[in-house]
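Visitor: The structure file protein.txt (compact mmCIF, C-alpha atoms) is provided below.
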# COMPACT_ATOMS: atom_id res chain seq x y z
CA MET A 1034 -12.93 -18.56 12.41
CA SER A 1035 -10.60 -18.87 15.35
CA ILE A 1036 -7.81 -16.57 16.44
CA THR A 1037 -5.56 -19.62 16.89
CA ARG A 1038 -5.67 -20.06 13.10
CA PHE A 1039 -3.94 -16.67 12.73
CA LEU A 1040 -1.56 -16.97 15.66
CA PRO A 1041 1.34 -18.94 14.04
CA GLY A 1042 1.54 -16.54 11.09
CA LEU A 1043 1.28 -13.49 13.35
CA VAL A 1044 4.10 -14.86 15.51
CA ALA A 1045 6.15 -15.41 12.33
CA LEU A 1046 5.53 -11.79 11.25
CA GLY A 1047 6.53 -10.61 14.75
CA LEU A 1048 9.72 -12.67 14.79
CA GLY A 1049 10.59 -11.47 11.29
CA GLY A 1050 10.02 -7.87 12.38
CA VAL A 1051 12.19 -8.20 15.49
CA LEU A 1052 14.92 -9.94 13.45
CA ALA A 1053 14.81 -7.18 10.79
CA ARG A 1054 15.17 -4.52 13.49
CA ALA A 1055 18.01 -6.46 15.16
CA ILE A 1056 19.85 -6.78 11.83
CA GLU A 1057 19.48 -3.02 11.27
CA LEU A 1058 20.84 -2.24 14.74
CA THR A 1059 23.82 -4.57 14.40
CA LEU A 1060 24.70 -4.49 10.69
CA GLY A 1061 23.13 -1.26 9.41
CA PRO A 1062 20.83 -2.07 6.44
CA ASN A 1063 17.36 -0.52 6.64
CA HIS A 1064 14.91 -2.64 8.68
CA LEU A 1065 12.07 -2.32 6.15
CA LEU A 1066 14.17 -3.59 3.27
CA VAL A 1067 15.54 -6.38 5.51
CA ALA A 1068 11.95 -7.30 6.46
CA ILE A 1069 10.97 -7.60 2.79
CA ALA A 1070 14.10 -9.67 2.11
CA LEU A 1071 13.27 -12.02 5.03
CA GLY A 1072 9.75 -12.59 3.71
CA PHE A 1073 11.10 -13.10 0.21
CA VAL A 1074 13.63 -15.70 1.40
CA LEU A 1075 10.96 -17.54 3.41
CA ALA A 1076 8.57 -17.70 0.46
CA ASN A 1077 11.11 -18.59 -2.21
CA ALA A 1078 13.67 -20.74 -0.37
CA VAL A 1079 11.45 -22.92 1.82
CA GLY A 1080 7.91 -21.83 0.97
CA VAL A 1081 5.35 -20.44 3.43
CA PRO A 1082 3.97 -23.36 5.52
CA ASP A 1083 0.19 -23.72 5.26
CA ARG A 1084 -0.40 -23.03 8.94
CA LEU A 1085 1.44 -19.69 8.71
CA GLU A 1086 -0.55 -18.45 5.72
CA PRO A 1087 -3.68 -17.05 7.47
CA GLY A 1088 -1.61 -14.94 9.88
CA ILE A 1089 0.90 -13.77 7.28
CA GLY A 1090 -2.04 -12.90 5.01
CA THR A 1091 -3.03 -10.15 7.47
CA HIS A 1092 -0.05 -8.00 6.45
CA LYS A 1093 -2.15 -5.50 4.47
CA LEU A 1094 -4.21 -4.86 7.59
CA TRP A 1095 -1.04 -3.84 9.48
CA LEU A 1096 0.14 -1.66 6.58
CA GLY A 1097 -3.20 0.19 6.60
CA ALA A 1098 -3.11 0.57 10.40
CA GLY A 1099 0.48 1.89 10.19
CA ILE A 1100 -0.57 4.48 7.62
CA VAL A 1101 -3.49 5.55 9.85
CA LEU A 1102 -1.09 6.02 12.81
CA MET A 1103 1.39 7.94 10.64
CA GLY A 1104 -1.25 10.69 10.58
CA ALA A 1105 -0.43 11.42 14.24
CA SER A 1106 3.09 12.55 13.37
CA LEU A 1107 1.97 15.05 10.71
CA THR A 1108 0.17 18.36 10.93
CA LEU A 1109 -2.08 20.13 8.45
CA GLU A 1110 0.54 22.89 8.28
CA THR A 1111 3.16 20.43 6.96
CA VAL A 1112 0.74 18.92 4.49
CA LEU A 1113 -0.49 22.27 3.15
CA GLU A 1114 3.05 23.63 2.87
CA VAL A 1115 3.70 21.72 -0.36
CA GLY A 1116 0.50 19.68 -0.57
CA GLY A 1117 -1.22 21.61 -3.38
CA THR A 1118 1.74 21.30 -5.72
CA VAL A 1119 2.16 17.62 -4.86
CA LEU A 1120 -1.53 17.00 -5.60
CA LEU A 1121 -1.15 18.54 -9.06
CA VAL A 1122 1.92 16.37 -9.73
CA VAL A 1123 0.02 13.27 -8.51
CA VAL A 1124 -2.94 13.91 -10.84
CA GLY A 1125 -0.66 14.82 -13.77
CA VAL A 1126 1.64 11.79 -13.44
CA THR A 1127 -1.30 9.42 -12.87
CA ALA A 1128 -3.09 10.64 -16.00
CA MET A 1129 0.14 10.47 -17.99
CA THR A 1130 0.92 6.91 -16.87
CA VAL A 1131 -2.57 5.65 -17.70
CA LEU A 1132 -2.48 7.31 -21.13
CA VAL A 1133 1.04 6.11 -21.99
CA VAL A 1134 0.21 2.50 -21.06
CA GLU A 1135 -3.07 2.60 -23.02
CA LEU A 1136 -1.37 4.11 -26.09
CA LEU A 1137 1.54 1.68 -26.04
CA ALA A 1138 -0.67 -1.34 -25.35
CA ARG A 1139 -3.24 -0.60 -28.06
CA ASN A 1140 -1.34 1.25 -30.78
CA VAL A 1141 2.23 -0.01 -30.53
CA PHE A 1142 2.15 -3.53 -29.10
CA GLY A 1143 -1.39 -4.56 -30.10
CA LEU A 1144 -2.37 -6.00 -26.71
CA ALA A 1145 -6.03 -6.82 -25.97
CA GLU A 1146 -7.95 -3.67 -24.90
CA ARG A 1147 -8.89 -5.00 -21.49
CA LEU A 1148 -5.39 -6.23 -20.69
CA GLY A 1149 -4.05 -2.78 -21.62
CA SER A 1150 -6.59 -1.15 -19.31
CA LEU A 1151 -5.67 -3.43 -16.40
CA LEU A 1152 -1.97 -2.65 -16.90
CA ALA A 1153 -2.79 1.07 -17.09
CA ALA A 1154 -4.79 0.99 -13.85
CA GLY A 1155 -2.15 -1.08 -12.05
CA SER A 1156 0.70 1.19 -13.14
CA GLY A 1157 -1.18 4.47 -12.77
CA ILE A 1158 -3.05 4.03 -9.50
CA CYS A 1159 -2.33 1.42 -6.88
CA GLY A 1160 -0.91 -1.81 -8.22
CA VAL A 1161 -2.75 -5.11 -7.84
CA SER A 1162 -5.70 -3.55 -5.95
CA ALA A 1163 -6.37 -1.29 -8.94
CA VAL A 1164 -6.03 -4.24 -11.32
CA VAL A 1165 -8.64 -6.17 -9.34
CA ALA A 1166 -10.99 -3.17 -8.96
CA VAL A 1167 -10.90 -2.30 -12.67
CA ALA A 1168 -11.11 -5.97 -13.69
CA GLY A 1169 -14.44 -6.25 -11.88
CA ALA A 1170 -15.79 -3.13 -13.59
CA ILE A 1171 -14.77 -4.12 -17.14
CA ARG A 1172 -15.30 -7.89 -16.82
CA ALA A 1173 -11.72 -8.78 -17.75
CA ARG A 1174 -10.81 -12.43 -18.25
CA GLU A 1175 -9.02 -14.41 -15.51
CA ASP A 1176 -5.85 -14.80 -17.59
CA GLN A 1177 -5.74 -11.03 -18.26
CA ILE A 1178 -6.06 -10.33 -14.53
CA ALA A 1179 -3.27 -12.82 -13.78
CA TYR A 1180 -0.96 -11.31 -16.42
CA ALA A 1181 -1.58 -7.75 -15.26
CA ALA A 1182 -1.15 -8.64 -11.56
CA ALA A 1183 2.08 -10.57 -12.25
CA THR A 1184 3.46 -7.64 -14.27
CA VAL A 1185 2.69 -5.18 -11.47
CA LEU A 1186 4.31 -7.49 -8.89
CA LEU A 1187 7.39 -7.86 -11.10
CA PHE A 1188 7.86 -4.09 -11.17
CA ASP A 1189 7.14 -3.81 -7.43
CA ALA A 1190 10.08 -6.18 -6.88
CA ILE A 1191 12.33 -4.28 -9.31
CA THR A 1192 11.51 -0.78 -8.03
CA ILE A 1193 12.08 -1.78 -4.38
CA VAL A 1194 15.72 -2.34 -5.34
CA VAL A 1195 16.21 0.34 -8.03
CA TYR A 1196 14.55 3.41 -6.45
CA PRO A 1197 16.72 3.53 -3.28
CA LEU A 1198 19.84 3.12 -5.44
CA VAL A 1199 18.83 5.95 -7.80
CA GLY A 1200 17.80 8.14 -4.85
CA ASP A 1201 21.20 7.73 -3.19
CA LEU A 1202 23.10 8.04 -6.48
CA LEU A 1203 21.40 11.34 -7.37
CA GLY A 1204 21.45 12.59 -3.78
CA LEU A 1205 17.73 13.42 -3.91
CA SER A 1206 16.24 15.50 -1.10
CA ASP A 1207 13.74 13.86 1.25
CA VAL A 1208 10.70 15.59 -0.28
CA VAL A 1209 11.74 14.97 -3.90
CA PHE A 1210 12.57 11.30 -3.28
CA GLY A 1211 9.41 10.67 -1.24
CA VAL A 1212 7.01 12.29 -3.70
CA TRP A 1213 8.83 10.75 -6.67
CA ALA A 1214 8.38 7.25 -5.21
CA GLY A 1215 4.78 8.07 -4.26
CA VAL A 1216 3.74 9.22 -7.73
CA SER A 1217 5.63 6.77 -9.93
CA MET A 1218 6.00 3.40 -8.13
CA PHE A 1219 3.04 1.01 -8.23
CA SER A 1220 1.87 -0.62 -4.98
CA THR A 1221 1.47 1.12 -1.63
CA GLY A 1222 3.67 -1.28 0.39
CA PRO A 1223 6.83 -0.88 -1.70
CA VAL A 1224 6.30 2.90 -1.86
CA VAL A 1225 6.14 3.17 1.94
CA ALA A 1226 9.13 0.83 2.30
CA VAL A 1227 11.51 2.69 -0.01
CA GLY A 1228 10.29 6.06 1.31
CA PHE A 1229 11.07 5.23 4.94
CA ALA A 1230 14.26 3.43 3.90
CA HIS A 1231 15.44 6.79 2.49
CA SER A 1232 14.39 8.82 5.56
CA GLU A 1233 11.47 9.45 7.92
CA VAL A 1234 10.46 12.62 6.04
CA ALA A 1235 10.77 10.92 2.64
CA GLY A 1236 8.58 8.09 3.96
CA GLN A 1237 5.88 10.49 5.08
CA TRP A 1238 5.84 12.30 1.72
CA ALA A 1239 5.93 9.02 -0.20
CA THR A 1240 2.91 7.79 1.77
CA MET A 1241 0.94 11.02 1.38
CA ALA A 1242 1.58 11.18 -2.37
CA LYS A 1243 0.62 7.51 -2.73
CA LEU A 1244 -2.55 7.94 -0.67
CA SER A 1245 -3.62 10.84 -2.89
CA ARG A 1246 -3.03 8.62 -5.90
CA ASN A 1247 -4.95 5.71 -4.37
CA ALA A 1248 -7.90 8.02 -3.73
CA LEU A 1249 -8.26 8.41 -7.52
CA ILE A 1250 -9.14 4.72 -7.91
CA GLY A 1251 -12.91 5.29 -7.70
CA ALA A 1252 -12.84 7.86 -10.52
CA VAL A 1253 -10.67 5.60 -12.68
CA VAL A 1254 -12.97 2.59 -12.13
CA ILE A 1255 -15.98 4.72 -13.13
CA ALA A 1256 -14.19 6.02 -16.23
CA TYR A 1257 -13.22 2.52 -17.37
CA ALA A 1258 -16.65 1.06 -16.57
CA SER A 1259 -18.31 3.88 -18.57
CA TYR A 1260 -15.96 3.37 -21.50
CA TYR A 1261 -16.54 -0.40 -21.71
CA ALA A 1262 -20.28 -0.07 -20.98
CA ARG A 1263 -20.64 1.85 -24.26
CA SER A 1264 -19.58 -1.19 -26.27
CA ASP A 1265 -21.17 -3.86 -24.05
CA SER A 1266 -22.92 -4.19 -20.71
CA ALA A 1267 -19.65 -4.62 -18.85
CA GLY A 1268 -20.28 -2.36 -15.88
CA ARG A 1269 -22.76 -0.15 -14.08
CA PRO A 1270 -20.78 2.95 -13.15
CA SER A 1271 -22.26 4.95 -10.29
CA LEU A 1272 -21.27 7.39 -7.58
CA ARG A 1273 -21.60 4.45 -5.22
CA THR A 1274 -18.52 2.97 -6.97
CA LEU A 1275 -16.51 6.03 -5.91
CA TRP A 1276 -17.23 5.25 -2.26
CA ASP A 1277 -16.87 1.47 -2.61
CA GLU A 1278 -13.41 1.78 -4.14
CA PHE A 1279 -12.19 4.63 -1.91
CA PRO A 1280 -9.40 3.44 0.44
CA LYS A 1281 -11.17 4.08 3.76
CA PHE A 1282 -8.04 3.99 5.91
CA VAL A 1283 -7.22 7.39 4.36
CA LEU A 1284 -10.09 8.75 6.51
CA GLY A 1285 -8.43 7.40 9.66
CA PHE A 1286 -5.12 8.92 8.53
CA LEU A 1287 -6.79 12.32 7.96
CA ALA A 1288 -8.58 12.14 11.33
CA LEU A 1289 -5.22 11.67 13.10
CA VAL A 1290 -3.63 14.49 11.07
CA ALA A 1291 -6.50 16.71 12.30
CA LEU A 1292 -6.06 15.59 15.93
CA ALA A 1293 -2.27 16.09 15.77
CA SER A 1294 -2.78 19.54 14.24
CA ALA A 1295 -5.13 20.43 17.10
CA GLY A 1296 -2.33 19.55 19.55
CA VAL A 1297 -4.22 16.64 21.12
CA PHE A 1298 -1.10 14.45 21.46
CA SER A 1299 1.79 15.13 23.82
CA PRO A 1300 5.33 14.72 22.42
CA ALA A 1301 5.67 11.43 24.37
CA GLN A 1302 2.41 10.11 22.91
CA GLN A 1303 3.49 11.15 19.42
CA ALA A 1304 6.81 9.33 19.89
CA SER A 1305 4.94 6.20 21.00
CA LEU A 1306 2.59 6.35 18.02
CA GLU A 1307 5.55 6.85 15.69
CA ASN A 1308 7.19 3.74 17.15
CA ALA A 1309 3.89 1.87 16.84
CA TYR A 1310 3.64 2.59 13.12
CA ASN A 1311 7.28 1.63 12.63
CA TRP A 1312 6.49 -1.78 14.17
CA LEU A 1313 3.31 -2.14 12.12
CA PHE A 1314 5.22 -1.34 8.93
CA VAL A 1315 7.97 -3.84 9.69
CA LEU A 1316 5.34 -6.58 10.31
CA ALA A 1317 3.58 -5.63 7.09
CA PHE A 1318 6.77 -5.77 5.06
CA VAL A 1319 7.75 -9.25 6.21
CA GLY A 1320 4.36 -10.33 4.83
CA LEU A 1321 4.81 -8.24 1.68
CA GLY A 1322 8.12 -10.02 1.02
CA THR A 1323 6.35 -13.39 1.04
CA GLU A 1324 4.15 -12.17 -1.81
CA ILE A 1325 7.12 -11.67 -4.14
CA GLN A 1326 7.28 -15.18 -5.57
CA LEU A 1327 9.80 -15.88 -8.32
CA ALA A 1328 7.65 -18.61 -9.88
CA GLU A 1329 4.77 -16.15 -10.35
CA LEU A 1330 7.03 -13.39 -11.66
CA ARG A 1331 8.30 -15.76 -14.36
CA SER A 1332 4.73 -16.07 -15.65
CA THR A 1333 4.74 -12.38 -16.64
CA GLY A 1334 4.30 -11.99 -20.39
CA LEU A 1335 7.19 -10.25 -22.17
CA THR A 1336 5.00 -7.74 -24.06
CA PRO A 1337 2.96 -6.57 -21.03
CA ALA A 1338 6.23 -6.20 -19.11
CA LEU A 1339 7.75 -4.14 -21.94
CA VAL A 1340 4.70 -1.86 -22.09
CA VAL A 1341 4.84 -1.23 -18.35
CA LEU A 1342 8.63 -0.80 -18.37
CA LEU A 1343 8.41 1.94 -21.02
CA ALA A 1344 5.53 3.68 -19.24
CA LEU A 1345 7.35 3.49 -15.89
CA PHE A 1346 10.48 4.94 -17.49
CA VAL A 1347 8.50 7.88 -18.96
CA ALA A 1348 6.47 8.56 -15.77
CA SER A 1349 9.48 8.16 -13.51
CA THR A 1350 11.75 10.44 -15.58
CA VAL A 1351 9.17 13.16 -16.19
CA SER A 1352 8.05 13.23 -12.54
CA LEU A 1353 11.64 13.33 -11.28
CA VAL A 1354 12.52 16.25 -13.57
CA VAL A 1355 9.35 18.13 -12.57
CA LEU A 1356 9.86 17.50 -8.84
CA ALA A 1357 13.56 18.44 -8.95
CA ALA A 1358 12.54 21.72 -10.63
CA LEU A 1359 9.70 22.40 -8.14
CA PHE A 1360 11.48 21.56 -4.88
CA MET B 1322 -20.63 -11.97 34.32
CA SER B 1323 -21.19 -15.62 33.50
CA PHE B 1324 -18.89 -17.56 31.18
CA ASP B 1325 -21.74 -17.90 28.66
CA ARG B 1326 -22.31 -14.15 28.52
CA LEU B 1327 -18.58 -13.59 28.02
CA ARG B 1328 -18.51 -16.11 25.22
CA ARG B 1329 -21.56 -14.54 23.53
CA ARG B 1330 -20.00 -11.09 23.77
CA ALA B 1331 -16.72 -12.39 22.29
CA ALA B 1332 -18.65 -14.04 19.46
CA ALA B 1333 -20.50 -10.79 18.76
CA VAL B 1334 -17.24 -8.80 18.67
CA ARG B 1335 -15.66 -11.40 16.37
CA SER B 1336 -18.65 -11.36 14.05
CA ARG B 1337 -18.63 -7.56 13.88
CA TRP B 1338 -14.87 -7.59 13.23
CA THR B 1339 -15.07 -10.13 10.37
CA GLY B 1340 -17.96 -8.14 8.87
CA LEU B 1341 -15.75 -5.05 8.59
CA GLU B 1342 -13.99 -4.20 5.33
CA ARG B 1343 -10.19 -4.57 5.69
CA ASP B 1344 -9.70 -0.79 5.39
CA TRP B 1345 -12.04 -0.22 8.33
CA GLN B 1346 -10.25 -2.94 10.28
CA SER B 1347 -7.04 -0.95 9.77
CA VAL B 1348 -8.78 2.17 11.07
CA ALA B 1349 -10.02 0.17 14.08
CA VAL B 1350 -6.50 -1.11 14.86
CA GLY B 1351 -5.18 2.45 14.54
CA ALA B 1352 -7.93 3.82 16.80
CA ALA B 1353 -7.34 1.10 19.40
CA THR B 1354 -3.60 1.86 19.41
CA VAL B 1355 -4.19 5.60 19.81
CA ALA B 1356 -6.69 4.98 22.63
CA THR B 1357 -4.29 2.62 24.44
CA VAL B 1358 -1.37 5.04 24.13
CA ALA B 1359 -3.50 8.01 25.22
CA VAL B 1360 -5.33 6.37 28.15
CA PHE B 1361 -2.47 4.34 29.64
CA GLU B 1362 0.37 6.69 28.58
CA LEU B 1363 1.92 3.58 27.04
CA GLN B 1364 5.54 4.00 25.96
CA ILE B 1365 6.17 1.90 22.86
CA PRO B 1366 9.91 1.26 22.42
CA TRP B 1367 11.75 1.15 19.11
Would you mind writing the file's structure down as structure tokens?
Guide:
Amino acid sequence: MSITRFLPGLVALGLGGVLARAIELTLGPNHLLVAIALGFVLANAVGVPDRLEPGIGTHKLWLGAGIVLMGASLTLETVLEVGGTVLLVVVGVTAMTVLVVELLARNVFGLAERLGSLLAAGSGICGVSAVVAVAGAIRAREDQIAYAAATVLLFDAITIVVYPLVGDLLGLSDVVFGVWAGVSMFSTGPVVAVGFAHSEVAGQWATMAKLSRNALIGAVVIAYASYYARSDSAGRPSLRTLWDEFPKFVLGFLALVALASAGVFSPAQQASLENAYNWLFVLAFVGLGTEIQLAELRSTGLTPALVVLLALFVASTVSLVVLAALF
Amino acid sequence: MSFDRLRRRAAAVRSRWTGLERDWQSVAVGAATVATVAVFELQIPW
């Protein structure tokens, strides 16, 4: 594996990031949303050239690194201020989403059990990563994985547009908007993008709420593996699974929160790290945009999409009402 | 340091890097950025 294989795609991400920032500075629209739009246009208008694919495929690495660095601009004091309440909301909304999707899929729309479970994990926890993690534990079929992943991606694309509009329309505060996006949207990238597009504070809360939700993936994989193992030998749930599925970059994020809380960074260093994560996010979102492919979204089944739409509507409305009442 | 030793060291770093899970790679990039900013007082513009 040679670094030159990644270079063209990395340069493309860099150029896209600089262009997104330049468009924000000259015309005003948020750089993260512009970055996603640029990636989307590249992928759907001309297609991503083969030689750019390896470099562009690194975008999740930059998103994770950006989240780690975001820890340097937060302190434990800020997190603890409303963190306990947010954690309860995260667990409550996650459980509700999983249950609503399972109920609708099995009892109302008669979808296959495993497909329902994949949709529930994707909607409730962390999008396509959760679909893939749970699919491995319950031995789902390839077509079920593809359907569930396409459905999640469809709603990622929809919520990237709808959430900022609703947030502005309702005049939501930074904390309410951030946590609302963090607990009810699906994949980490879109959550971070709409959060920071609303404001810096909203972005930080969106990311923290989403990270807490992502950390539940291990427990959900174990629960599903145990459930399906009762009827067949589909999985071997163990505590090891908890660690395997845990998003490790959360540990880096927490380490930097601890260092920032201890006053290790000077204001100038904190400003530099904040700028660094802004650049990493903008690179990541150009790549994220290339993953929203219209041809794939069209392959989403109507019934799975309807199940997820209803569950998203319930989770989104309930969480917004609860958060507006709490904050 | 001879060219061969440099090349071996680069290969070892590359092999260790590709052996890392993506999440840990993200942590490594974050740590490297923090170290660079802290040691060289690097000002990253926005």
Visitor: Please write out, as JSON, where the centre of an axis-aligned box around all listed atoms of region 1334-1348 of chain B lies and how long its edges are, in Å to one decimal, after adding 6 Å on each side.
Guide:
{"center_x": -12.8, "center_y": -4.6, "center_z": 12.0, "size_x": 23.6, "size_y": 25.6, "size_z": 25.3}
Visitor: Between A:Pro1280, A:Glu1324, A:Val1212, A:Ala1235, which is the closest to Glu1342 (chain B) once you count only C-alpha atoms?
Guide: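 For Glu1342 (chain B), the nearest of the given residues is A:Pro1280.
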Visitor: Enumerate as a list in words the residues belonging to chain B that approach chain A to within 6 Å, with all atoms listed in the file taken into account.
Guide: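 Taken together, these residues fit the definition: Asp1344, Ser1347, Val1348, Val1350, Gly1351, Gln1364, Ile1365 and Trp1367 of chain B.
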Visitor: Output C-alpha atoms for every residue in that selection, as a PDB file, in the frame of the given file.
Guide:
ATOM      1  CA  ASP B1344      -9.700  -0.790   5.390  1.00  0.00           C
ATOM      2  CA  SER B1347      -7.040  -0.950   9.770  1.00  0.00           C
ATOM      3  CA  VAL B1348      -8.780   2.170  11.070  1.00  0.00           C
ATOM      4  CA  VAL B1350      -6.500  -1.110  14.860  1.00  0.00           C
ATOM      5  CA  GLY B1351      -5.180   2.450  14.540  1.00  0.00           C
ATOM      6  CA  GLN B1364       5.540   4.000  25.960  1.00  0.00           C
ATOM      7  CA  ILE B1365       6.170   1.900  22.860  1.00  0.00           C
ATOM      8  CA  TRP B1367      11.750   1.150  19.110  1.00  0.00           C
TER       9      TRP B1367
END
Visitor: Can you tell me how far CA of Leu1330 (chain A) sits from CA of Ala1078 (chain A), in Å to one decimal?
Guide: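 Distance between the two atoms: 15.0 Å.
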Visitor: Interatomic distance between CA of Pro1300 (chain A) and CA of Val1227 (chain A)?
Guide: 26.2 Å
Visitor: Go through A:Ala1183, A:His1092, A:Thr1274, A:Leu1058 and flag the residue nearest Arg1343 (chain B), using all atoms listed in the file for the distances.
Guide: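 Comparing A:Ala1183, A:His1092, A:Thr1274, A:Leu1058 against Arg1343 (chain B), the winner is A:His1092.
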Visitor: Measure the distance from CA of Leu1132 (chain A) to CA of Gly1200 (chain A) in Å and round it to one decimal.
Guide: 26.0 Å
